[in-house]
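This report refers to the structure that appears directly beneath it.
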Amino acid sequence: EEEEEEEGEEEEEEEEGLRKGRNSVQELITQPLLSLTGASECKLHGCGREDIDVRCLGNGRPFVLQLLNAQCHVTPNQLQQCVQLVNDHQGLNKHGDVHLSYLIEVDSYVWETMQKSAEEKDKAYRCIVWSQRALTAHDMDILETACNNTTTTTFTKNGDYDKRMRIEQWTPLRVLHRRPLINRIRYISHVSAVLLSPHYFILTLRYVLSAFLSV
């Protein structure tokens, strides 16, 4: 099952106690399923997540829906009808915030495999950085060398050695309402910098999926 989301999975991020988005992705997707099955609850287990103001592009992300206390078994035709209701912008999805590729019945091992894949996947972010001081191409080389040569050798599950820059990262304030305040060890696998002009350059970071990024 895959989803494309316009406003990110974390639609329920709170700011000063107020709801920031219209609806969560879970609400938008599960509304027709709850009505169809009479289930007491439908949980969405996603493969990673995005903030409300970050778009998930491409083919979207896989997810698993867990129906609790369902009163009937859902057929493939009924699942397709639920997909059509969401994609036709009916119900809570009237603004077209979410688009579904398909829904199929799966076993629990699919969720376990999906979680393992998410933990092993790297993620890349690119941003434009402004510098008060005028920069040169040599400064870009210094930045890349400082970041990519400050590495820690880790032993992978495949028996290989992997060199990454180790960082210690406290839980960001924006997610404190749902995560404990602790210091986590994370790894940046690669940093690249391309000079655009004396005061602007493109910075690309590749890091393990569980790291928090703030730019």
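Residues are referred to by chain and number: the chain letter is A, B, ... according to the order shown in the structure tokens, the number counts from 1 in that chain, and ligands are numbered separately from 1 in the order shown.
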Checklist line | DSSP strand (DSSP E or B) residues within stretch 59-199 of chain A, listed as a PyMOL selection string | finding: chain A and resi 59-68+98-102+122-130+152-155+161-170+183-197
Can you pull out every residue within 6 Å of stretch 189-202 of chain A, counting only C-alpha atoms, but drop anything in the same chain fewer than 5 positions away, and send it as number ranges by chain? A: 127-131, 134-135, 140, 144, 164, 207
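Of the residues listed (A:His95, A:Val64, A:Asp139, A:Asn148), A:Val64 shows the shortest atom-to-atom separation from A:Ser108; distances use only C-alpha atoms.
Atom to atom, atom CA of A:Cys47 and atom CA of A:Gly60 stand 10.0 Å apart.
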